[in-house]
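Chemist: You'll find target-v9.txt just under this line, and it carries compact mmCIF, N, CA, C and O atoms.
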```
# COMPACT_ATOMS: atom_id res chain seq x y z
N MET A 204 0.29 14.61 -6.42
CA MET A 204 -0.66 13.76 -5.73
C MET A 204 -1.03 12.58 -6.65
O MET A 204 -1.38 12.78 -7.81
N ILE A 205 -0.90 11.38 -6.14
CA ILE A 205 -1.24 10.19 -6.91
C ILE A 205 -2.31 9.39 -6.17
O ILE A 205 -2.51 9.58 -4.97
N GLU A 206 -3.00 8.53 -6.90
CA GLU A 206 -4.00 7.65 -6.30
C GLU A 206 -3.54 6.21 -6.48
O GLU A 206 -3.21 5.79 -7.58
N VAL A 207 -3.51 5.47 -5.37
CA VAL A 207 -3.09 4.07 -5.38
C VAL A 207 -4.29 3.21 -5.01
O VAL A 207 -5.04 3.55 -4.09
N VAL A 208 -4.48 2.12 -5.72
CA VAL A 208 -5.58 1.20 -5.45
C VAL A 208 -5.02 -0.03 -4.77
O VAL A 208 -4.09 -0.66 -5.27
N LEU A 209 -5.57 -0.37 -3.60
CA LEU A 209 -5.13 -1.56 -2.86
C LEU A 209 -6.27 -2.55 -2.81
O LEU A 209 -7.38 -2.21 -2.41
N ASN A 210 -6.00 -3.79 -3.21
CA ASN A 210 -7.00 -4.85 -3.26
C ASN A 210 -6.61 -5.92 -2.25
O ASN A 210 -5.49 -6.43 -2.28
N ASP A 211 -7.54 -6.27 -1.34
CA ASP A 211 -7.22 -7.29 -0.34
C ASP A 211 -7.66 -8.69 -0.78
O ASP A 211 -7.49 -9.64 -0.04
N ARG A 212 -8.22 -8.79 -1.98
CA ARG A 212 -8.66 -10.07 -2.56
C ARG A 212 -9.75 -10.76 -1.75
O ARG A 212 -10.00 -11.95 -1.91
N LEU A 213 -10.36 -10.01 -0.84
CA LEU A 213 -11.50 -10.52 -0.08
C LEU A 213 -12.75 -9.71 -0.41
O LEU A 213 -13.74 -9.76 0.30
N GLY A 214 -12.67 -8.94 -1.49
CA GLY A 214 -13.81 -8.14 -1.91
C GLY A 214 -13.70 -6.67 -1.57
O GLY A 214 -14.63 -5.92 -1.83
N LYS A 215 -12.62 -6.25 -0.99
CA LYS A 215 -12.46 -4.85 -0.61
C LYS A 215 -11.34 -4.22 -1.42
O LYS A 215 -10.23 -4.71 -1.46
N LYS A 216 -11.69 -3.10 -2.09
CA LYS A 216 -10.70 -2.30 -2.81
C LYS A 216 -10.66 -0.94 -2.15
O LYS A 216 -11.69 -0.32 -1.94
N VAL A 217 -9.47 -0.47 -1.83
CA VAL A 217 -9.29 0.81 -1.17
C VAL A 217 -8.52 1.73 -2.10
O VAL A 217 -7.47 1.37 -2.61
N ARG A 218 -9.06 2.93 -2.32
CA ARG A 218 -8.37 3.95 -3.13
C ARG A 218 -7.83 4.99 -2.18
O ARG A 218 -8.57 5.56 -1.40
N VAL A 219 -6.53 5.24 -2.26
CA VAL A 219 -5.86 6.17 -1.35
C VAL A 219 -5.11 7.22 -2.16
O VAL A 219 -4.39 6.88 -3.09
N LYS A 220 -5.31 8.49 -1.80
CA LYS A 220 -4.55 9.58 -2.43
C LYS A 220 -3.37 9.92 -1.54
O LYS A 220 -3.52 10.08 -0.33
N CYS A 221 -2.18 9.98 -2.13
CA CYS A 221 -0.96 10.28 -1.38
C CYS A 221 0.06 10.92 -2.31
O CYS A 221 -0.16 11.02 -3.51
N ASN A 222 1.18 11.34 -1.77
CA ASN A 222 2.26 11.94 -2.56
C ASN A 222 3.28 10.87 -2.91
O ASN A 222 3.43 9.89 -2.19
N GLU A 223 4.03 11.10 -3.99
CA GLU A 223 5.05 10.13 -4.40
C GLU A 223 6.20 10.05 -3.41
O GLU A 223 6.89 9.05 -3.34
N ASP A 224 6.43 11.12 -2.65
CA ASP A 224 7.53 11.11 -1.69
C ASP A 224 7.09 10.62 -0.32
O ASP A 224 7.88 10.65 0.63
N ASP A 225 5.85 10.13 -0.18
CA ASP A 225 5.42 9.49 1.06
C ASP A 225 6.06 8.11 1.16
O ASP A 225 6.34 7.47 0.14
N THR A 226 6.26 7.65 2.38
CA THR A 226 6.80 6.31 2.58
C THR A 226 5.68 5.28 2.57
O THR A 226 4.49 5.63 2.64
N ILE A 227 6.05 4.02 2.51
CA ILE A 227 5.06 2.94 2.60
C ILE A 227 4.37 2.99 3.96
O ILE A 227 3.17 2.71 4.07
N GLY A 228 5.10 3.37 5.00
CA GLY A 228 4.51 3.53 6.33
C GLY A 228 3.41 4.58 6.35
O GLY A 228 2.37 4.39 6.98
N ASP A 229 3.62 5.69 5.64
CA ASP A 229 2.58 6.73 5.52
C ASP A 229 1.36 6.19 4.79
O ASP A 229 0.22 6.47 5.16
N LEU A 230 1.60 5.42 3.73
CA LEU A 230 0.51 4.80 2.98
C LEU A 230 -0.29 3.85 3.87
O LEU A 230 -1.52 3.83 3.82
N LYS A 231 0.41 3.09 4.69
CA LYS A 231 -0.26 2.17 5.62
C LYS A 231 -1.14 2.93 6.61
O LYS A 231 -2.23 2.49 6.95
N LYS A 232 -0.66 4.10 7.08
CA LYS A 232 -1.47 4.92 8.00
C LYS A 232 -2.76 5.38 7.34
O LYS A 232 -3.82 5.35 7.96
N LEU A 233 -2.67 5.78 6.07
CA LEU A 233 -3.87 6.22 5.35
C LEU A 233 -4.85 5.06 5.14
O LEU A 233 -6.06 5.22 5.28
N VAL A 234 -4.31 3.88 4.80
CA VAL A 234 -5.16 2.70 4.60
C VAL A 234 -5.81 2.30 5.92
O VAL A 234 -7.00 1.97 5.96
N ALA A 235 -5.06 2.34 7.01
CA ALA A 235 -5.60 1.98 8.32
C ALA A 235 -6.73 2.93 8.71
O ALA A 235 -7.75 2.50 9.27
N ALA A 236 -6.57 4.21 8.41
CA ALA A 236 -7.61 5.18 8.74
C ALA A 236 -8.87 4.95 7.90
O ALA A 236 -9.99 5.10 8.39
N GLN A 237 -8.70 4.54 6.65
CA GLN A 237 -9.85 4.32 5.77
C GLN A 237 -10.57 3.01 6.05
O GLN A 237 -11.78 2.94 5.95
N THR A 238 -9.83 1.97 6.40
CA THR A 238 -10.44 0.65 6.57
C THR A 238 -10.81 0.34 8.02
O THR A 238 -11.59 -0.56 8.27
N GLY A 239 -10.19 1.04 8.97
CA GLY A 239 -10.44 0.74 10.37
C GLY A 239 -9.61 -0.42 10.89
O GLY A 239 -9.86 -0.94 11.96
N THR A 240 -8.60 -0.83 10.13
CA THR A 240 -7.71 -1.92 10.52
C THR A 240 -6.50 -1.35 11.26
O THR A 240 -6.06 -0.26 10.94
N ARG A 241 -5.99 -2.08 12.23
CA ARG A 241 -4.80 -1.61 12.95
C ARG A 241 -3.60 -1.57 12.03
O ARG A 241 -3.41 -2.44 11.18
N LEU A 242 -2.77 -0.57 12.23
CA LEU A 242 -1.60 -0.32 11.38
C LEU A 242 -0.64 -1.52 11.37
O LEU A 242 -0.10 -1.87 10.33
N GLU A 243 -0.44 -2.15 12.51
CA GLU A 243 0.51 -3.26 12.61
C GLU A 243 0.06 -4.49 11.83
O GLU A 243 0.85 -5.36 11.51
N LYS A 244 -1.24 -4.57 11.54
CA LYS A 244 -1.80 -5.75 10.87
C LYS A 244 -1.73 -5.67 9.35
O LYS A 244 -2.04 -6.63 8.66
N ILE A 245 -1.33 -4.52 8.81
CA ILE A 245 -1.37 -4.31 7.36
C ILE A 245 -0.01 -4.64 6.73
O ILE A 245 1.02 -4.24 7.25
N ARG A 246 -0.06 -5.37 5.61
CA ARG A 246 1.13 -5.66 4.82
C ARG A 246 0.81 -5.33 3.36
O ARG A 246 -0.21 -5.78 2.84
N ILE A 247 1.66 -4.55 2.72
CA ILE A 247 1.46 -4.16 1.33
C ILE A 247 2.54 -4.82 0.49
O ILE A 247 3.71 -4.78 0.84
N GLN A 248 2.11 -5.44 -0.62
CA GLN A 248 3.08 -6.10 -1.48
C GLN A 248 2.58 -6.12 -2.91
O GLN A 248 1.42 -5.81 -3.19
N LYS A 249 3.47 -6.45 -3.81
CA LYS A 249 3.16 -6.64 -5.22
C LYS A 249 3.86 -7.93 -5.63
O LYS A 249 5.07 -8.04 -5.50
N TRP A 250 3.11 -8.91 -6.10
CA TRP A 250 3.60 -10.25 -6.35
C TRP A 250 4.24 -10.79 -5.06
O TRP A 250 3.57 -10.86 -4.05
N TYR A 251 5.51 -11.12 -5.08
CA TYR A 251 6.14 -11.64 -3.86
C TYR A 251 7.04 -10.61 -3.20
O TYR A 251 7.79 -10.93 -2.29
N ASN A 252 6.98 -9.36 -3.65
CA ASN A 252 7.83 -8.30 -3.13
C ASN A 252 7.09 -7.57 -2.01
O ASN A 252 6.17 -6.79 -2.27
N VAL A 253 7.46 -7.83 -0.76
CA VAL A 253 6.83 -7.16 0.38
C VAL A 253 7.51 -5.82 0.56
O VAL A 253 8.73 -5.73 0.68
N TYR A 254 6.70 -4.75 0.59
CA TYR A 254 7.24 -3.39 0.67
C TYR A 254 7.60 -3.03 2.10
O TYR A 254 6.82 -3.25 3.02
N LYS A 255 8.77 -2.42 2.28
CA LYS A 255 9.28 -2.00 3.59
C LYS A 255 8.74 -0.61 3.94
O LYS A 255 8.56 0.23 3.07
N ASP A 256 8.52 -0.36 5.23
CA ASP A 256 7.85 0.86 5.68
C ASP A 256 8.66 2.13 5.44
O ASP A 256 8.08 3.19 5.24
N HIS A 257 9.96 2.08 5.46
CA HIS A 257 10.78 3.29 5.42
C HIS A 257 11.15 3.75 4.01
O HIS A 257 11.79 4.78 3.84
N ILE A 258 10.74 3.02 2.98
CA ILE A 258 11.10 3.36 1.60
C ILE A 258 9.93 4.09 0.93
O ILE A 258 8.77 3.75 1.15
N THR A 259 10.25 5.09 0.12
CA THR A 259 9.21 5.92 -0.48
C THR A 259 8.55 5.23 -1.68
O THR A 259 9.09 4.28 -2.26
N LEU A 260 7.38 5.74 -2.04
CA LEU A 260 6.65 5.21 -3.19
C LEU A 260 7.44 5.47 -4.48
O LEU A 260 7.43 4.64 -5.39
N LYS A 261 8.12 6.59 -4.55
CA LYS A 261 8.92 6.92 -5.73
C LYS A 261 10.06 5.92 -5.91
O LYS A 261 10.36 5.51 -7.03
N ASP A 262 10.68 5.49 -4.80
CA ASP A 262 11.76 4.51 -4.88
C ASP A 262 11.27 3.16 -5.39
O ASP A 262 11.99 2.44 -6.08
N TYR A 263 10.03 2.80 -5.03
CA TYR A 263 9.45 1.56 -5.52
C TYR A 263 8.81 1.72 -6.89
O TYR A 263 8.23 0.77 -7.42
N GLU A 264 8.87 2.94 -7.46
CA GLU A 264 8.28 3.25 -8.76
C GLU A 264 6.78 2.98 -8.79
O GLU A 264 6.24 2.39 -9.74
N ILE A 265 6.10 3.40 -7.73
CA ILE A 265 4.65 3.30 -7.64
C ILE A 265 4.08 4.59 -8.23
O ILE A 265 4.41 5.69 -7.77
N HIS A 266 3.23 4.46 -9.26
CA HIS A 266 2.71 5.60 -10.00
C HIS A 266 1.21 5.73 -9.79
O HIS A 266 0.57 4.89 -9.15
N ASP A 267 0.64 6.77 -10.38
CA ASP A 267 -0.78 7.06 -10.27
C ASP A 267 -1.61 5.93 -10.87
O ASP A 267 -1.34 5.48 -11.99
N GLY A 268 -2.61 5.46 -10.13
CA GLY A 268 -3.51 4.42 -10.61
C GLY A 268 -2.98 3.00 -10.45
O GLY A 268 -3.64 2.05 -10.86
N MET A 269 -1.82 2.84 -9.86
CA MET A 269 -1.22 1.52 -9.73
C MET A 269 -1.95 0.68 -8.67
O MET A 269 -2.40 1.20 -7.67
N GLY A 270 -2.06 -0.61 -8.93
CA GLY A 270 -2.72 -1.53 -8.01
C GLY A 270 -1.71 -2.31 -7.19
O GLY A 270 -0.76 -2.85 -7.73
N LEU A 271 -1.95 -2.36 -5.88
CA LEU A 271 -1.09 -3.12 -4.97
C LEU A 271 -1.95 -4.13 -4.21
O LEU A 271 -3.17 -4.01 -4.16
N GLU A 272 -1.30 -5.09 -3.60
CA GLU A 272 -1.99 -6.13 -2.83
C GLU A 272 -1.95 -5.76 -1.35
O GLU A 272 -0.90 -5.38 -0.84
N LEU A 273 -3.08 -5.92 -0.70
CA LEU A 273 -3.22 -5.59 0.72
C LEU A 273 -3.49 -6.88 1.49
O LEU A 273 -4.43 -7.61 1.17
N TYR A 274 -2.64 -7.16 2.46
CA TYR A 274 -2.80 -8.36 3.28
C TYR A 274 -2.87 -7.98 4.75
O TYR A 274 -2.34 -6.95 5.16
N TYR A 275 -3.54 -8.82 5.52
CA TYR A 275 -3.68 -8.60 6.96
C TYR A 275 -2.92 -9.69 7.70
O TYR A 275 -3.19 -10.87 7.50
N ASN A 276 -1.95 -9.32 8.52
CA ASN A 276 -1.15 -10.29 9.29
C ASN A 276 -1.91 -10.71 10.52
O ASN A 276 -2.49 -9.94 11.20
```
What does the file become when written as structure tokens?

Modeler:
Amino acid sequence: MIEVVLNDRLGKKVRVKCNEDDTIGDLKKLVAAQTGTRLEKIRIQKWYNVYKDHITLKDYEIHDGMGLELYYN
């Protein structure tokens, strides 16, 4: 179980606990449940690398305590 911190740069930081073998789509579902935002409106990225929904956190080398960027489409 790892904890990922997502910052939307609008003053909201979301801490989500998930497994390393979860996909980015699973992470988006957890963020949507915590923030009340619709799943389709969420985009997760790091720098200019937009993360795809079907790839796991382990494949992207996302570790415990890592910070990601949260954007709303």

Chemist: Could you tell me how far atom O of Leu271 (chain A) sits from atom O of Lys220 (chain A), in Å to one decimal place?

Modeler: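 Between atom O of Lys220 (chain A) and atom O of Leu271 (chain A) the gap is 14.6 Å.
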
Chemist: For Glu264 (chain A), find every residue with an atom within 9 Å (counting only C-alpha atoms), except residues of its own chain fewer than 4 positions away, and show them as a list in words.

Modeler: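 Here the answer would be Glu223, Thr259 and Leu260 of chain A.
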
Chemist: If I wrap all listed atoms of region 239-242 of chain A in a box with edges along x, y and z and add 6 Å on each side, what are its centre and edge lengths in Å to one decimal, as JSON?

Modeler:
```
{"center_x": -5.3, "center_y": -0.7, "center_z": 11.0, "size_x": 22.3, "size_y": 15.5, "size_z": 16.0}
```

Chemist: Rank nothing, just name the residue among A:Lys232, A:Arg241, A:Arg246, A:Arg218 nearest to Leu273 (chain A), using all atoms listed in the file.

Modeler: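 Between A:Lys232, A:Arg241, A:Arg246, A:Arg218, the residue approaching Leu273 (chain A) most closely is A:Arg246.
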
Chemist: Distance CA of Asn252 (chain A)-CA of Ile227 (chain A), one decimal place?

Modeler: 12.9 Å
